[in-house]
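In what follows, a single structure is set out as structure tokens and then discussed.
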Amino acid sequence: MPGEVCRLLTIYTPAASNRNMPAAHAGPATRAKRSVPDDHPIALLQAHTLPALVQRELTRLILAGALKAGAKLNEVDVAQRLGVSRGPVREAFRALEESGLVRLEKNRGVFVREVTPAEAGEIFELRALLDEFAGRRAAERATPTDVAALTSIVDRMASAAEVGDADTCFDLNLAFHDRIVALAGNAKLAVLYRRLVNELALARRAAFEQAGTLPRSILEHRAIVATIASGDAEAAARRLREHVMASRERVRRAREAPPPPPRPTTASPARRVPRSTR
């Protein structure tokens with residue numbers, strides 16, 4: 001279906017003239033280095049199957065809050081919304097259940113995961129143990145380049161907080177902790193950690209919108225970076241654990257607080273997914 005692939009790619013790619021493109025050379029064929037970024041549709045098609053692309057887009061919508069906790073996901077509606085058939089959507093639902101973002105109920109359907117307060121408390125306790133381990137390992141392994149990367153993320157969080165951009169702060173917070181987990185150098189830890197973070201994502205996003213949360217969170221992140229930079233493994237482990245427990249308390253308060261006034265969402269609408277020819 002090459003024609004269909006090209007048609008769908010135009011949804012992602014702005015029109016561009018090819019008048020100034022250099023002419024093709026005659027001679028032996030060589031494999032050119034890919035010049036498009038990793039999130040370009042062509043790169044996505046080369047690196048992922050269609051179900052994986054559907055999963056990627058649904059994950060984005062859930063983590064952005066565009067698909068709310070408890071919302072039912074209809075297979076036909078999702079397929080039409082993303083411009084794909086129902087098969088890839090069905091496979092994506094199964095993968096999303098494994099990652100902790102949705103739950104599948106027999107004879108009822110698929111729902112965005114909703115975590116109870118008791119469940120959230122248990123997840124935070126387990127996450128604290130994982131963060132403690134990751135912090136200890138990161139302090140032992142981090143290079144000056146790694147520390148600079150963590151500092152850069154926190155600086156960007158601070159800039160977003162200054163303009164009240166809780167969504168960007170939330171995304172950068174995820175990137176910060178993912179980076180620390182990656183520094184631990186344990187692939188099994190990364191998989192388990194990501195599932196726990198996914199399960200808590202929507203509750204934690206609400207906490208980020210509470211007054212006073214962002215400045216406190218940024219101070220905690222700067223203290224974490226300082227202990228990792230110092231190479232003090234136990235201090236880093238302690239800082240990470242304290243941070244997770246403080247996050248649990250913020251989530252608890254956010255659940256008990258009255259809902260904030262509605263605000264325009266910054267989440268971009270669902271994108272149609274380019275079909276894979278695999």
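Here, A, B, ... name the chains of the structure tokens in the order displayed, residue numbers run from 1 inside each chain, and ligands are numbered from 1 in the same displayed order.
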- request: Quick one: everything within 10 Å of Phe124 (chain A), counting only C-alpha atoms, minus sequence neighbours fewer than 2 positions away in the same chain. Send it as a list in words.
  value: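 After dropping sequence-adjacent residues, the list is Glu119, Ala120, Gly121, Glu122, Leu126, Arg127, Ala128, Leu129, Leu130, Leu196, Val197, Leu200, Arg241, Val244, Met245, Ala246, Ser247, Arg248 and Glu249 of chain A.
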task: Write out as a list in words all residues of region 96-191 of chain A that DSSP puts in strand (DSSP E or B) for this structure's backbone.
output: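 Selecting the strand (DSSP E or B) positions of region 96-191 of chain A gives Val102, Arg103, Leu104, Glu105, Gly109, Val110, Phe111 and Val112 of chain A.
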Contacts of region 209-224 of chain A at 8 Å (only C-alpha atoms; same-chain gap of 6+ positions) as a PyMOL selection string: chain A and resi 151+154+157-158+161+166+169+236+239-240+243+250+254
Store the residues of this selection in a file with N, CA and C atoms, as a PDB file, in the first residue's frame.
```
ATOM      1  N   THR A 151      21.255  18.584  35.273  1.00  0.00           N
ATOM      2  CA  THR A 151      21.133  19.997  35.626  1.00  0.00           C
ATOM      3  C   THR A 151      20.353  20.758  34.569  1.00  0.00           C
ATOM      4  N   VAL A 154      16.626  20.174  34.971  1.00  0.00           N
ATOM      5  CA  VAL A 154      16.064  20.934  36.095  1.00  0.00           C
ATOM      6  C   VAL A 154      15.975  22.417  35.742  1.00  0.00           C
ATOM      7  N   MET A 157      12.962  22.844  33.739  1.00  0.00           N
ATOM      8  CA  MET A 157      11.789  22.767  34.617  1.00  0.00           C
ATOM      9  C   MET A 157      11.546  24.110  35.293  1.00  0.00           C
ATOM     10  N   ALA A 158      12.623  24.723  35.782  1.00  0.00           N
ATOM     11  CA  ALA A 158      12.497  26.008  36.466  1.00  0.00           C
ATOM     12  C   ALA A 158      11.952  27.074  35.518  1.00  0.00           C
ATOM     13  N   ALA A 161       8.320  26.459  35.084  1.00  0.00           N
ATOM     14  CA  ALA A 161       7.579  26.802  36.308  1.00  0.00           C
ATOM     15  C   ALA A 161       7.356  28.307  36.411  1.00  0.00           C
ATOM     16  N   ALA A 166       2.712  23.773  33.903  1.00  0.00           N
ATOM     17  CA  ALA A 166       2.775  22.520  34.654  1.00  0.00           C
ATOM     18  C   ALA A 166       2.953  21.324  33.734  1.00  0.00           C
ATOM     19  N   CYS A 169       6.600  20.991  32.880  1.00  0.00           N
ATOM     20  CA  CYS A 169       7.306  20.553  34.097  1.00  0.00           C
ATOM     21  C   CYS A 169       7.099  19.064  34.337  1.00  0.00           C
ATOM     22  N   ALA A 236      22.525  10.325  47.973  1.00  0.00           N
ATOM     23  CA  ALA A 236      21.671  10.348  46.782  1.00  0.00           C
ATOM     24  C   ALA A 236      20.480   9.416  46.957  1.00  0.00           C
ATOM     25  N   ARG A 239      18.030  11.109  49.317  1.00  0.00           N
ATOM     26  CA  ARG A 239      17.328  12.219  48.674  1.00  0.00           C
ATOM     27  C   ARG A 239      16.222  11.720  47.739  1.00  0.00           C
ATOM     28  N   LEU A 240      16.527  10.674  46.977  1.00  0.00           N
ATOM     29  CA  LEU A 240      15.520  10.134  46.060  1.00  0.00           C
ATOM     30  C   LEU A 240      14.336   9.573  46.826  1.00  0.00           C
ATOM     31  N   HIS A 243      12.245  12.357  48.199  1.00  0.00           N
ATOM     32  CA  HIS A 243      11.519  13.016  47.107  1.00  0.00           C
ATOM     33  C   HIS A 243      10.264  12.233  46.726  1.00  0.00           C
ATOM     34  N   ARG A 250       2.065  14.953  48.094  1.00  0.00           N
ATOM     35  CA  ARG A 250       1.467  15.930  47.186  1.00  0.00           C
ATOM     36  C   ARG A 250       0.295  15.339  46.427  1.00  0.00           C
ATOM     37  N   ALA A 254      -3.593  16.514  46.519  1.00  0.00           N
ATOM     38  CA  ALA A 254      -4.276  16.853  45.267  1.00  0.00           C
ATOM     39  C   ALA A 254      -5.597  16.106  45.149  1.00  0.00           C
TER      40      ALA A 254
END
```
Determine, counting only C-alpha atoms, which protein, DNA and RNA residues have an atom within 7 Å of an atom of region 181-189 of chain A; residues of the same chain fewer than 3 positions away are not included. Present the result as an mmCIF file with N, CA and C atoms, in the first residue's frame.
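Okay, result37.cif is ready:
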```cif
data_model
loop_
_atom_site.group_PDB
_atom_site.id
_atom_site.type_symbol
_atom_site.label_atom_id
_atom_site.label_comp_id
_atom_site.auth_asym_id
_atom_site.auth_seq_id
_atom_site.Cartn_x
_atom_site.Cartn_y
_atom_site.Cartn_z
ATOM 1 N N ALA A 134 18.246 3.337 42.389
ATOM 2 C CA ALA A 134 18.720 4.059 41.206
ATOM 3 C C ALA A 134 19.598 5.236 41.601
ATOM 4 N N ARG A 137 23.078 3.969 42.628
ATOM 5 C CA ARG A 137 23.874 3.565 41.471
ATOM 6 C C ARG A 137 24.281 4.772 40.622
ATOM 7 N N ALA A 138 23.361 5.739 40.478
ATOM 8 C CA ALA A 138 23.669 6.914 39.659
ATOM 9 C C ALA A 138 24.820 7.703 40.254
ATOM 10 N N ARG A 141 28.019 6.041 39.334
ATOM 11 C CA ARG A 141 28.352 5.873 37.926
ATOM 12 C C ARG A 141 28.332 7.169 37.107
ATOM 13 N N ALA A 142 27.698 8.214 37.603
ATOM 14 C CA ALA A 142 27.476 9.417 36.793
ATOM 15 C C ALA A 142 28.788 10.118 36.444
ATOM 16 N N HIS A 177 13.788 11.636 35.927
ATOM 17 C CA HIS A 177 13.851 10.364 36.640
ATOM 18 C C HIS A 177 14.205 9.208 35.709
ATOM 19 N N ASP A 178 13.752 9.265 34.469
ATOM 20 C CA ASP A 178 14.153 8.244 33.497
ATOM 21 C C ASP A 178 15.670 8.254 33.315
ATOM 22 N N LEU A 192 10.381 -2.194 35.048
ATOM 23 C CA LEU A 192 9.495 -2.161 36.211
ATOM 24 C C LEU A 192 9.191 -0.724 36.616
ATOM 25 N N TYR A 193 10.213 0.117 36.590
ATOM 26 C CA TYR A 193 10.039 1.511 36.986
ATOM 27 C C TYR A 193 9.050 2.211 36.056
#
```
message: From the options A:Leu174, A:Leu104, A:Ala52, A:Ala229, which residue's atoms come nearest to Ala92 (chain A), counting only C-alpha atoms?
response: A:Ala52
task: Write out as an NGL selection string each polymer residue whose atoms come within 12 Å of region 105-110 of chain A, counting only C-alpha atoms; drop sequence neighbours fewer than 6 positions from it.
output: :A and (69-76 or 78 or 89-90 or 92-97)
Distance of CA of Arg136 (chain A) from CA of Gly231 (chain A), expressed in Å to one decimal place: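 CA of Gly231 (chain A) sits 8.8 Å away from CA of Arg136 (chain A).
Distances here use only C-alpha atoms; by that measure, the residue among A:Ala201, A:Ala175, A:Glu140, A:Glu234 closest to Leu61 (chain A) is A:Ala201.
The residue that comes closest to Phe170 (chain A), out of A:Val54, A:Lys68, A:Leu63, A:Thr145 and on the basis of only C-alpha atoms, is A:Leu63.
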- request: Would you please give, as a ChimeraX atom specification, all residues of region 81-180 of chain A that DSSP assigns to helix (DSSP H, G or I) based on the backbone?
  value: /A:81-82,86-98,117-141,144-162,166-180
- prompt: Looking at only C-alpha atoms, which of A:Gln80, A:Arg255, A:Leu67, A:Glu91 is the one that sits closest to Thr49 (chain A)?
  reply: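 Between A:Gln80, A:Arg255, A:Leu67, A:Glu91, the residue approaching Thr49 (chain A) most closely is A:Glu91.
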query: Which residue, A:Arg204, A:Arg81, A:Arg86, A:Arg113, has the smallest gap to Glu98 (chain A) when you use only C-alpha atoms?
result: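 Of A:Arg204, A:Arg81, A:Arg86, A:Arg113, the one nearest Glu98 (chain A), counting only C-alpha atoms, is A:Arg113.
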message: Using Å and a single decimal, report how far CA of Glu199 (chain A) sits from CA of Leu53 (chain A).
response: 20.3 Å
